[in-house]
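As stored in protein32.cif (mmCIF, C-alpha atoms; chains and numbers go by the auth columns):
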data_data
loop_
_atom_site.group_PDB
_atom_site.id
_atom_site.type_symbol
_atom_site.label_atom_id
_atom_site.label_comp_id
_atom_site.label_asym_id
_atom_site.label_seq_id
_atom_site.Cartn_x
_atom_site.Cartn_y
_atom_site.Cartn_z
_atom_site.B_iso_or_equiv
_atom_site.auth_seq_id
_atom_site.auth_asym_id
ATOM 1 C CA MET A 1 -45.057 -4.175 9.620 0.00 29 D
ATOM 2 C CA THR A 2 -41.531 -5.640 9.648 0.00 30 D
ATOM 3 C CA GLU A 3 -38.801 -4.487 12.023 0.00 31 D
ATOM 4 C CA LYS A 4 -37.073 -2.897 9.019 0.00 32 D
ATOM 5 C CA ASP A 5 -40.268 -0.989 8.162 0.00 33 D
ATOM 6 C CA LYS A 6 -40.457 0.216 11.767 0.00 34 D
ATOM 7 C CA MET A 7 -36.782 1.255 11.701 0.00 35 D
ATOM 8 C CA LEU A 8 -37.216 3.246 8.495 0.00 36 D
ATOM 9 C CA ALA A 9 -40.409 4.871 9.854 0.00 37 D
ATOM 10 C CA GLY A 10 -38.630 6.103 13.004 0.00 38 D
ATOM 11 C CA GLU A 11 -40.610 3.782 15.280 0.00 39 D
ATOM 12 C CA LEU A 12 -39.276 1.530 18.030 0.00 40 D
ATOM 13 C CA TYR A 13 -37.852 -1.657 16.534 0.00 41 D
ATOM 14 C CA PHE A 14 -35.727 -4.677 17.403 0.00 42 D
ATOM 15 C CA SER A 15 -32.321 -4.366 15.733 0.00 43 D
ATOM 16 C CA SER A 16 -31.696 -8.054 16.481 0.00 44 D
ATOM 17 C CA ASP A 17 -34.294 -8.939 13.812 0.00 45 D
ATOM 18 C CA LYS A 18 -33.048 -11.631 11.396 0.00 46 D
ATOM 19 C CA GLU A 19 -33.428 -9.453 8.246 0.00 47 D
ATOM 20 C CA LEU A 20 -31.684 -6.445 9.810 0.00 48 D
ATOM 21 C CA THR A 21 -28.889 -8.627 11.195 0.00 49 D
ATOM 22 C CA LYS A 22 -28.326 -10.090 7.722 0.00 50 D
ATOM 23 C CA GLU A 23 -28.246 -6.614 6.150 0.00 51 D
ATOM 24 C CA ARG A 24 -25.752 -5.332 8.751 0.00 52 D
ATOM 25 C CA LEU A 25 -23.538 -8.356 8.098 0.00 53 D
ATOM 26 C CA HIS A 26 -23.603 -7.560 4.371 0.00 54 D
ATOM 27 C CA ALA A 27 -22.523 -3.965 5.104 0.00 55 D
ATOM 28 C CA ARG A 28 -19.756 -5.245 7.412 0.00 56 D
ATOM 29 C CA LYS A 29 -18.455 -7.511 4.637 0.00 57 D
ATOM 30 C CA GLU A 30 -18.482 -4.644 2.129 0.00 58 D
ATOM 31 C CA THR A 31 -16.799 -2.174 4.477 0.00 59 D
ATOM 32 C CA PHE A 32 -14.235 -4.832 5.423 0.00 60 D
ATOM 33 C CA ALA A 33 -13.394 -5.235 1.717 0.00 61 D
ATOM 34 C CA PHE A 34 -13.284 -1.430 1.339 0.00 62 D
ATOM 35 C CA ASN A 35 -10.975 -1.053 4.342 0.00 63 D
ATOM 36 C CA GLN A 36 -8.611 -3.787 3.115 0.00 64 D
ATOM 37 C CA THR A 37 -7.917 -2.253 -0.304 0.00 65 D
ATOM 38 C CA ALA A 38 -4.470 -1.045 -1.287 0.00 66 D
ATOM 39 C CA PRO A 39 -3.876 2.707 -0.887 0.00 67 D
ATOM 40 C CA ALA A 40 -3.919 3.264 -4.677 0.00 68 D
ATOM 41 C CA ALA A 41 -7.144 1.236 -5.216 0.00 69 D
ATOM 42 C CA VAL A 42 -9.380 4.310 -5.371 0.00 70 D
ATOM 43 C CA LYS A 43 -11.574 2.968 -8.204 0.00 71 D
ATOM 44 C CA GLU A 44 -12.145 -0.309 -6.341 0.00 72 D
ATOM 45 C CA ARG A 45 -13.184 1.586 -3.207 0.00 73 D
ATOM 46 C CA MET A 46 -15.509 3.830 -5.234 0.00 74 D
ATOM 47 C CA HIS A 47 -17.131 0.739 -6.774 0.00 75 D
ATOM 48 C CA ILE A 48 -17.753 -0.777 -3.320 0.00 76 D
ATOM 49 C CA ILE A 49 -19.306 2.460 -2.043 0.00 77 D
ATOM 50 C CA ARG A 50 -21.499 2.860 -5.148 0.00 78 D
ATOM 51 C CA SER A 51 -22.865 -0.661 -4.654 0.00 79 D
ATOM 52 C CA LEU A 52 -23.367 -0.152 -0.899 0.00 80 D
ATOM 53 C CA PHE A 53 -24.847 3.372 -0.673 0.00 81 D
ATOM 54 C CA GLY A 54 -28.404 4.299 -1.566 0.00 82 D
ATOM 55 C CA LYS A 55 -27.185 7.163 -3.775 0.00 83 D
ATOM 56 C CA THR A 56 -23.899 8.553 -5.044 0.00 84 D
ATOM 57 C CA ASP A 57 -24.333 11.550 -7.332 0.00 85 D
ATOM 58 C CA GLY A 58 -20.860 12.148 -8.639 0.00 86 D
ATOM 59 C CA GLY A 59 -17.209 12.183 -7.711 0.00 87 D
ATOM 60 C CA PHE A 60 -16.399 11.343 -4.125 0.00 88 D
ATOM 61 C CA LEU A 61 -13.516 10.105 -2.018 0.00 89 D
ATOM 62 C CA ILE A 62 -13.824 8.362 1.327 0.00 90 D
ATOM 63 C CA GLU A 63 -10.522 7.545 2.999 0.00 91 D
ATOM 64 C CA PRO A 64 -10.429 4.177 4.751 0.00 92 D
ATOM 65 C CA PRO A 65 -11.287 3.066 7.304 0.00 93 D
ATOM 66 C CA PHE A 66 -15.012 3.590 6.959 0.00 94 D
ATOM 67 C CA HIS A 67 -17.840 1.876 8.867 0.00 95 D
ATOM 68 C CA CYS A 68 -21.630 1.918 8.563 0.00 96 D
ATOM 69 C CA ASP A 69 -24.636 -0.128 9.674 0.00 97 D
ATOM 70 C CA TYR A 70 -26.477 -0.703 6.383 0.00 98 D
ATOM 71 C CA GLY A 71 -25.157 1.604 3.673 0.00 99 D
ATOM 72 C CA TYR A 72 -28.384 1.786 1.685 0.00 100 D
ATOM 73 C CA ASN A 73 -29.643 4.659 3.845 0.00 101 D
ATOM 74 C CA ILE A 74 -26.640 6.845 2.941 0.00 102 D
ATOM 75 C CA HIS A 75 -27.119 9.351 0.116 0.00 103 D
ATOM 76 C CA ILE A 76 -24.188 11.558 -0.915 0.00 104 D
ATOM 77 C CA GLY A 77 -24.127 14.407 -3.397 0.00 105 D
ATOM 78 C CA LYS A 78 -21.462 15.504 -5.863 0.00 106 D
ATOM 79 C CA PHE A 79 -17.899 16.072 -4.697 0.00 107 D
ATOM 80 C CA PHE A 80 -18.061 14.514 -1.239 0.00 108 D
ATOM 81 C CA TYR A 81 -14.814 13.980 0.656 0.00 109 D
ATOM 82 C CA SER A 82 -14.261 12.269 3.980 0.00 110 D
ATOM 83 C CA ASN A 83 -10.954 11.901 5.738 0.00 111 D
ATOM 84 C CA PHE A 84 -10.033 8.798 7.780 0.00 112 D
ATOM 85 C CA ASN A 85 -12.314 6.999 10.259 0.00 113 D
ATOM 86 C CA LEU A 86 -15.785 7.986 9.102 0.00 114 D
ATOM 87 C CA VAL A 87 -18.574 6.193 11.012 0.00 115 D
ATOM 88 C CA ILE A 88 -22.196 6.454 9.852 0.00 116 D
ATOM 89 C CA LEU A 89 -24.816 4.553 11.840 0.00 117 D
ATOM 90 C CA ASP A 90 -27.434 4.729 9.104 0.00 118 D
ATOM 91 C CA CYS A 91 -30.491 3.104 10.652 0.00 119 D
ATOM 92 C CA ALA A 92 -32.368 6.099 9.192 0.00 120 D
ATOM 93 C CA LYS A 93 -31.628 8.078 6.062 0.00 121 D
ATOM 94 C CA VAL A 94 -28.444 10.148 5.994 0.00 122 D
ATOM 95 C CA SER A 95 -28.514 12.801 3.255 0.00 123 D
ATOM 96 C CA ILE A 96 -25.286 14.621 2.475 0.00 124 D
ATOM 97 C CA GLY A 97 -25.366 17.441 -0.094 0.00 125 D
ATOM 98 C CA ASP A 98 -22.922 18.544 -2.797 0.00 126 D
ATOM 99 C CA ASN A 99 -19.418 19.833 -2.038 0.00 127 D
ATOM 100 C CA VAL A 100 -19.315 18.515 1.522 0.00 128 D
ATOM 101 C CA PHE A 101 -16.037 17.861 3.333 0.00 129 D
ATOM 102 C CA PHE A 102 -15.486 15.839 6.517 0.00 130 D
ATOM 103 C CA GLY A 103 -12.354 15.899 8.628 0.00 131 D
ATOM 104 C CA PRO A 104 -11.017 12.722 10.268 0.00 132 D
ATOM 105 C CA ASN A 105 -13.001 10.836 12.911 0.00 133 D
ATOM 106 C CA VAL A 106 -16.435 12.191 12.009 0.00 134 D
ATOM 107 C CA SER A 107 -19.374 10.177 13.367 0.00 135 D
ATOM 108 C CA LEU A 108 -23.017 10.423 12.286 0.00 136 D
ATOM 109 C CA PHE A 109 -25.463 8.563 14.545 0.00 137 D
ATOM 110 C CA THR A 110 -29.076 8.120 13.437 0.00 138 D
ATOM 111 C CA ALA A 111 -29.607 5.382 16.025 0.00 139 D
ATOM 112 C CA THR A 112 -30.932 6.273 19.450 0.00 140 D
ATOM 113 C CA HIS A 113 -32.224 4.349 22.435 0.00 141 D
ATOM 114 C CA PRO A 114 -35.254 4.978 24.644 0.00 142 D
ATOM 115 C CA ILE A 115 -34.808 7.017 27.821 0.00 143 D
ATOM 116 C CA SER A 116 -36.890 4.470 29.706 0.00 144 D
ATOM 117 C CA ALA A 117 -34.567 1.727 30.962 0.00 145 D
ATOM 118 C CA GLU A 118 -37.481 -0.725 30.945 0.00 146 D
ATOM 119 C CA ILE A 119 -38.058 -0.231 27.209 0.00 147 D
ATOM 120 C CA ARG A 120 -34.337 0.064 26.390 0.00 148 D
ATOM 121 C CA ASN A 121 -33.584 -3.203 28.230 0.00 149 D
ATOM 122 C CA LYS A 122 -36.050 -5.023 25.964 0.00 150 D
ATOM 123 C CA GLY A 123 -33.623 -4.344 23.089 0.00 151 D
ATOM 124 C CA LEU A 124 -35.725 -1.687 21.369 0.00 152 D
ATOM 125 C CA GLU A 125 -34.193 1.279 19.591 0.00 153 D
ATOM 126 C CA GLN A 126 -35.202 4.065 17.198 0.00 154 D
ATOM 127 C CA ALA A 127 -33.592 6.017 14.395 0.00 155 D
ATOM 128 C CA HIS A 128 -33.983 9.596 13.168 0.00 156 D
ATOM 129 C CA PRO A 129 -32.577 10.961 9.879 0.00 157 D
ATOM 130 C CA ILE A 130 -29.632 13.306 9.482 0.00 158 D
ATOM 131 C CA THR A 131 -29.506 15.909 6.717 0.00 159 D
ATOM 132 C CA ILE A 132 -26.393 17.853 5.781 0.00 160 D
ATOM 133 C CA GLY A 133 -26.793 20.621 3.196 0.00 161 D
ATOM 134 C CA ASN A 134 -24.537 21.738 0.347 0.00 162 D
ATOM 135 C CA SER A 135 -21.069 23.264 0.770 0.00 163 D
ATOM 136 C CA VAL A 136 -20.742 22.145 4.395 0.00 164 D
ATOM 137 C CA TRP A 137 -17.429 21.570 6.129 0.00 165 D
ATOM 138 C CA ILE A 138 -17.407 19.277 9.176 0.00 166 D
ATOM 139 C CA GLY A 139 -14.174 19.425 11.198 0.00 167 D
ATOM 140 C CA GLY A 140 -12.343 16.499 12.740 0.00 168 D
ATOM 141 C CA ASN A 141 -13.742 14.558 15.694 0.00 169 D
ATOM 142 C CA VAL A 142 -17.290 15.856 15.215 0.00 170 D
ATOM 143 C CA VAL A 143 -20.287 13.828 16.412 0.00 171 D
ATOM 144 C CA ILE A 144 -23.678 14.474 14.805 0.00 172 D
ATOM 145 C CA ASN A 145 -26.620 13.056 16.753 0.00 173 D
ATOM 146 C CA PRO A 146 -29.950 11.637 15.507 0.00 174 D
ATOM 147 C CA GLY A 147 -32.486 13.918 13.861 0.00 175 D
ATOM 148 C CA ILE A 148 -30.042 16.745 13.086 0.00 176 D
ATOM 149 C CA SER A 149 -30.072 19.030 10.043 0.00 177 D
ATOM 150 C CA ILE A 150 -27.124 21.214 9.097 0.00 178 D
ATOM 151 C CA GLY A 151 -27.830 24.058 6.677 0.00 179 D
ATOM 152 C CA ASP A 152 -25.995 24.986 3.473 0.00 180 D
ATOM 153 C CA ASN A 153 -22.621 26.772 3.638 0.00 181 D
ATOM 154 C CA THR A 154 -22.109 25.961 7.310 0.00 182 D
ATOM 155 C CA ILE A 155 -18.896 25.020 9.102 0.00 183 D
ATOM 156 C CA ILE A 156 -18.920 22.764 12.175 0.00 184 D
ATOM 157 C CA GLY A 157 -15.715 23.210 14.181 0.00 185 D
ATOM 158 C CA SER A 158 -13.488 20.326 15.227 0.00 186 D
ATOM 159 C CA GLY A 159 -14.485 18.420 18.338 0.00 187 D
ATOM 160 C CA SER A 160 -18.098 19.585 18.250 0.00 188 D
ATOM 161 C CA VAL A 161 -21.018 17.463 19.436 0.00 189 D
ATOM 162 C CA VAL A 162 -24.068 18.488 17.417 0.00 190 D
ATOM 163 C CA THR A 163 -27.193 17.958 19.543 0.00 191 D
ATOM 164 C CA LYS A 164 -29.496 20.472 17.803 0.00 192 D
ATOM 165 C CA SER A 165 -29.978 21.443 14.166 0.00 193 D
ATOM 166 C CA ILE A 166 -27.678 24.179 12.870 0.00 194 D
ATOM 167 C CA PRO A 167 -28.895 26.794 10.327 0.00 195 D
ATOM 168 C CA GLU A 168 -27.255 27.726 7.037 0.00 196 D
ATOM 169 C CA ASN A 169 -24.415 30.219 6.550 0.00 197 D
ATOM 170 C CA CYS A 170 -22.789 30.025 9.948 0.00 198 D
ATOM 171 C CA ILE A 171 -19.892 28.693 11.969 0.00 199 D
ATOM 172 C CA ALA A 172 -20.858 26.490 14.912 0.00 200 D
ATOM 173 C CA VAL A 173 -18.586 24.853 17.487 0.00 201 D
ATOM 174 C CA GLY A 174 -18.557 23.281 20.903 0.00 202 D
ATOM 175 C CA ASN A 175 -20.112 20.659 23.108 0.00 203 D
ATOM 176 C CA PRO A 176 -22.956 21.156 22.745 0.00 204 D
ATOM 177 C CA CYS A 177 -22.411 22.728 19.338 0.00 205 D
ATOM 178 C CA ARG A 178 -23.745 26.284 19.006 0.00 206 D
ATOM 179 C CA VAL A 179 -23.551 29.042 16.405 0.00 207 D
ATOM 180 C CA ILE A 180 -20.714 31.490 17.125 0.00 208 D
ATOM 181 C CA ARG A 181 -21.080 33.669 14.040 0.00 209 D
ATOM 182 C CA ASN A 182 -22.816 34.035 10.705 0.00 210 D
ATOM 183 C CA ILE A 183 -21.028 33.798 7.375 0.00 211 D
ATOM 184 C CA ASP A 184 -21.680 36.491 4.764 0.00 212 D
ATOM 185 C CA VAL A 185 -22.285 34.856 1.404 0.00 213 D
#

Serialized structure, structure tokens:
Amino acid sequence: MTEKDKMLAGELYFSSDKELTKERLHARKETFAFNQTAPAAVKERMHIIRSLFGKTDGGFLIEPPFHCDYGYNIHIGKFFYSNFNLVILDCAKVSIGDNVFFGPNVSLFTATHPISAEIRNKGLEQAHPITIGNSVWIGGNVVINPGISIGDNTIIGSGSVVTKSIPENCIAVGNPCRVIRNIDV
């Protein structure tokens, strides 16, 4: 089993592996090109994202700058919008539904490191997928941690740190993020 296979399976892996390093460098080159485009070069940016991401279902707009680890693990649905400074550490799959909106400075982290310092100091890490449902609004400066799911029609308030999955049809805020009320649909 390759280090990439281990990464995608959620097992401990060495991110310094030659294949993974090469793939991260490719993503860095693509995001560098994306981030250097002229403000009106929307079609050029969309082309870069379509070639980098694992799936793009329809219209989307990602405001530069944008950064990711690999790109191919990112799957976005129809009508996705992200404001400035989106960071997606996509060592595992990141699935984003239809009609999802991100405020500025949103960060999605699938990568995690072992609690054991002995194992962590060997350079091993793990990754767990993130799933965001349809019609979700993520406020500015939100951090979503590994292994999180956010249900359909949910709002995550600005500045939240999401450490546990959040159900559908609710508003959740805080650090750690917690549901403060349900939304009637």

_List the spatial neighbours of Leu36 of chain D as a PyMOL selection string - criterion: any atom at most 8 Å away, all atoms listed in the file, same-chain residues fewer than 3 positions off excluded._
chain D and resi 32-33+39+119-121+155

Residue members of the PyMOL selection byres ((chain D and resi 199-203) around 6) in the file shown, as a PDB file with C-alpha atoms, in the coordinates of the input:
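part13.pdb, written as the output of this step:
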ATOM      1  CA  THR D 182     -22.109  25.961   7.310  1.00  0.00           C
ATOM      2  CA  ILE D 183     -18.896  25.020   9.102  1.00  0.00           C
ATOM      3  CA  ILE D 184     -18.920  22.764  12.175  1.00  0.00           C
ATOM      4  CA  GLY D 185     -15.715  23.210  14.181  1.00  0.00           C
ATOM      5  CA  SER D 188     -18.098  19.585  18.250  1.00  0.00           C
ATOM      6  CA  VAL D 189     -21.018  17.463  19.436  1.00  0.00           C
ATOM      7  CA  CYS D 198     -22.789  30.025   9.948  1.00  0.00           C
ATOM      8  CA  PRO D 204     -22.956  21.156  22.745  1.00  0.00           C
ATOM      9  CA  CYS D 205     -22.411  22.728  19.338  1.00  0.00           C
ATOM     10  CA  ARG D 206     -23.745  26.284  19.006  1.00  0.00           C
ATOM     11  CA  VAL D 207     -23.551  29.042  16.405  1.00  0.00           C
ATOM     12  CA  ILE D 208     -20.714  31.490  17.125  1.00  0.00           C
ATOM     13  CA  ARG D 209     -21.080  33.669  14.040  1.00  0.00           C
TER      14      ARG D 209
END

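When all atoms listed in the file are used to measure the gap to Val115 of chain D, the shortest distance among D:Thr84, D:Asn133, D:Thr140, D:Asn149 belongs to D:Asn133.
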
*asked:* From the options D:Ala55, D:Val164, D:Val213, D:Val128, which residue's atoms come nearest to Tyr100 of chain D, counting only C-alpha atoms?
replied: D:Ala55

_Residues selected by the PyMOL selection byres ((chain D and resi 178) around 12), written as a PyMOL selection string_ = chain D and resi 122-125+128+136+157-166+172-177+179-184+190-200+205-207

*May I ask which of the residues D:Val171, D:Ile76, D:Met29, D:Ile116 is the closest one to His54 of chain D, counting all atoms listed in the file?*
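Once distances to His54 of chain D are computed over all atoms listed in the file, the minimum belongs to D:Ile76.
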
_Expand the PyMOL selection byres ((chain D and resi 186) around 6) into the explicit residue set it covers here, and present it as a ChimeraX atom specification._
/D:167-170,185,187-188

May I have the residues within 10 Å of Glu91 of chain D as a compact mmCIF listing (two decimals) with C-alpha atoms, in the coordinates of the input, using only C-alpha atoms and disregarding those fewer than 6 positions away in the same chain?
# COMPACT_ATOMS: atom_id res chain seq x y z
CA PHE D 62 -13.28 -1.43 1.34
CA ASN D 63 -10.98 -1.05 4.34
CA PRO D 67 -3.88 2.71 -0.89
CA VAL D 70 -9.38 4.31 -5.37
CA ARG D 73 -13.18 1.59 -3.21
CA TYR D 109 -14.81 13.98 0.66
CA SER D 110 -14.26 12.27 3.98
CA ASN D 111 -10.95 11.90 5.74
CA PHE D 112 -10.03 8.80 7.78
CA ASN D 113 -12.31 7.00 10.26
CA LEU D 114 -15.78 7.99 9.10
CA PRO D 132 -11.02 12.72 10.27

Every residue with an atom at most 12 Å from (-44.5, -9.0, 10.0) (file coordinates; only C-alpha atoms) is what I'm after, so could you write them as a PDB file with C-alpha atoms, keeping the file's coordinate frame?
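Okay, this is what ended up in selection-v4.pdb:
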ATOM      1  CA  MET D  29     -45.057  -4.175   9.620  1.00  0.00           C
ATOM      2  CA  THR D  30     -41.531  -5.640   9.648  1.00  0.00           C
ATOM      3  CA  GLU D  31     -38.801  -4.487  12.023  1.00  0.00           C
ATOM      4  CA  LYS D  32     -37.073  -2.897   9.019  1.00  0.00           C
ATOM      5  CA  ASP D  33     -40.268  -0.989   8.162  1.00  0.00           C
ATOM      6  CA  LYS D  34     -40.457   0.216  11.767  1.00  0.00           C
ATOM      7  CA  TYR D  41     -37.852  -1.657  16.534  1.00  0.00           C
ATOM      8  CA  ASP D  45     -34.294  -8.939  13.812  1.00  0.00           C
ATOM      9  CA  LYS D  46     -33.048 -11.631  11.396  1.00  0.00           C
ATOM     10  CA  GLU D  47     -33.428  -9.453   8.246  1.00  0.00           C
TER      11      GLU D  47
END

*Suppose you want the space between atom CA of Arg52 of chain D and atom CA of Ala68 of chain D; what is it in Å?*
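Atom CA of Ala68 of chain D lies at a distance of 27.0 Å from atom CA of Arg52 of chain D.
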
Can you spit out segment 169-191 of chain D with N, CA and C atoms, as a CSV table (one decimal), in the first residue's frame, from the structure just given?
chain,number,residue,atom,x,y,z
D,169,ASN,N,-14.1,33.5,9.0
D,169,ASN,CA,-13.1,33.1,10.1
D,169,ASN,C,-13.6,31.8,10.7
D,170,VAL,N,-14.2,30.9,10.0
D,170,VAL,CA,-14.6,29.6,10.6
D,170,VAL,C,-13.6,28.6,10.3
D,171,VAL,N,-13.3,27.7,11.3
D,171,VAL,CA,-12.4,26.6,11.1
D,171,VAL,C,-13.2,25.3,11.3
D,172,ILE,N,-13.1,24.4,10.3
D,172,ILE,CA,-13.8,23.1,10.3
D,172,ILE,C,-12.7,22.1,10.4
D,173,ASN,N,-12.8,21.3,11.5
D,173,ASN,CA,-11.8,20.3,11.8
D,173,ASN,C,-12.0,18.9,11.1
D,174,PRO,N,-11.0,18.0,11.1
D,174,PRO,CA,-11.1,16.7,10.4
D,174,PRO,C,-12.3,15.9,10.9
D,175,GLY,N,-12.9,15.2,9.9
D,175,GLY,CA,-14.0,14.3,10.2
D,175,GLY,C,-15.4,14.9,10.5
D,176,ILE,N,-15.5,16.1,10.2
D,176,ILE,CA,-16.8,16.8,10.5
D,176,ILE,C,-17.8,16.7,9.3
D,177,SER,N,-19.1,16.6,9.7
D,177,SER,CA,-20.2,16.7,8.7
D,177,SER,C,-21.1,17.9,9.2
D,178,ILE,N,-21.5,18.7,8.2
D,178,ILE,CA,-22.4,19.8,8.5
D,178,ILE,C,-23.7,19.5,7.6
D,179,GLY,N,-24.8,19.4,8.3
D,179,GLY,CA,-26.1,19.1,7.6
D,179,GLY,C,-26.6,20.2,6.7
D,180,ASP,N,-27.6,19.8,5.9
D,180,ASP,CA,-28.3,20.7,5.0
D,180,ASP,C,-28.9,21.9,5.7
D,181,ASN,N,-29.0,23.0,5.0
D,181,ASN,CA,-29.7,24.2,5.5
D,181,ASN,C,-29.2,24.8,6.8
D,182,THR,N,-27.9,24.5,7.1
D,182,THR,CA,-27.3,25.0,8.4
D,182,THR,C,-26.5,26.2,8.2
D,183,ILE,N,-26.4,27.0,9.2
D,183,ILE,CA,-25.6,28.2,9.2
D,183,ILE,C,-24.6,28.1,10.3
D,184,ILE,N,-23.3,28.3,10.0
D,184,ILE,CA,-22.2,28.3,11.0
D,184,ILE,C,-21.8,29.7,11.2
D,185,GLY,N,-21.9,30.3,12.4
D,185,GLY,CA,-21.6,31.7,12.6
D,185,GLY,C,-20.2,32.0,12.6
D,186,SER,N,-19.9,33.3,12.2
D,186,SER,CA,-18.5,33.8,12.1
D,186,SER,C,-17.7,33.5,13.3
D,187,GLY,N,-16.4,33.1,13.1
D,187,GLY,CA,-15.5,32.9,14.2
D,187,GLY,C,-15.6,31.5,14.8
D,188,SER,N,-16.5,30.7,14.4
D,188,SER,CA,-16.7,29.4,15.0
D,188,SER,C,-15.5,28.4,14.7
D,189,VAL,N,-15.3,27.5,15.6
D,189,VAL,CA,-14.4,26.4,15.5
D,189,VAL,C,-15.2,25.1,15.6
D,190,VAL,N,-15.4,24.4,14.5
D,190,VAL,CA,-16.3,23.3,14.4
D,190,VAL,C,-15.5,22.0,14.8
D,191,THR,N,-15.7,21.5,16.0
D,191,THR,CA,-15.0,20.3,16.5
D,191,THR,C,-15.8,19.1,16.5
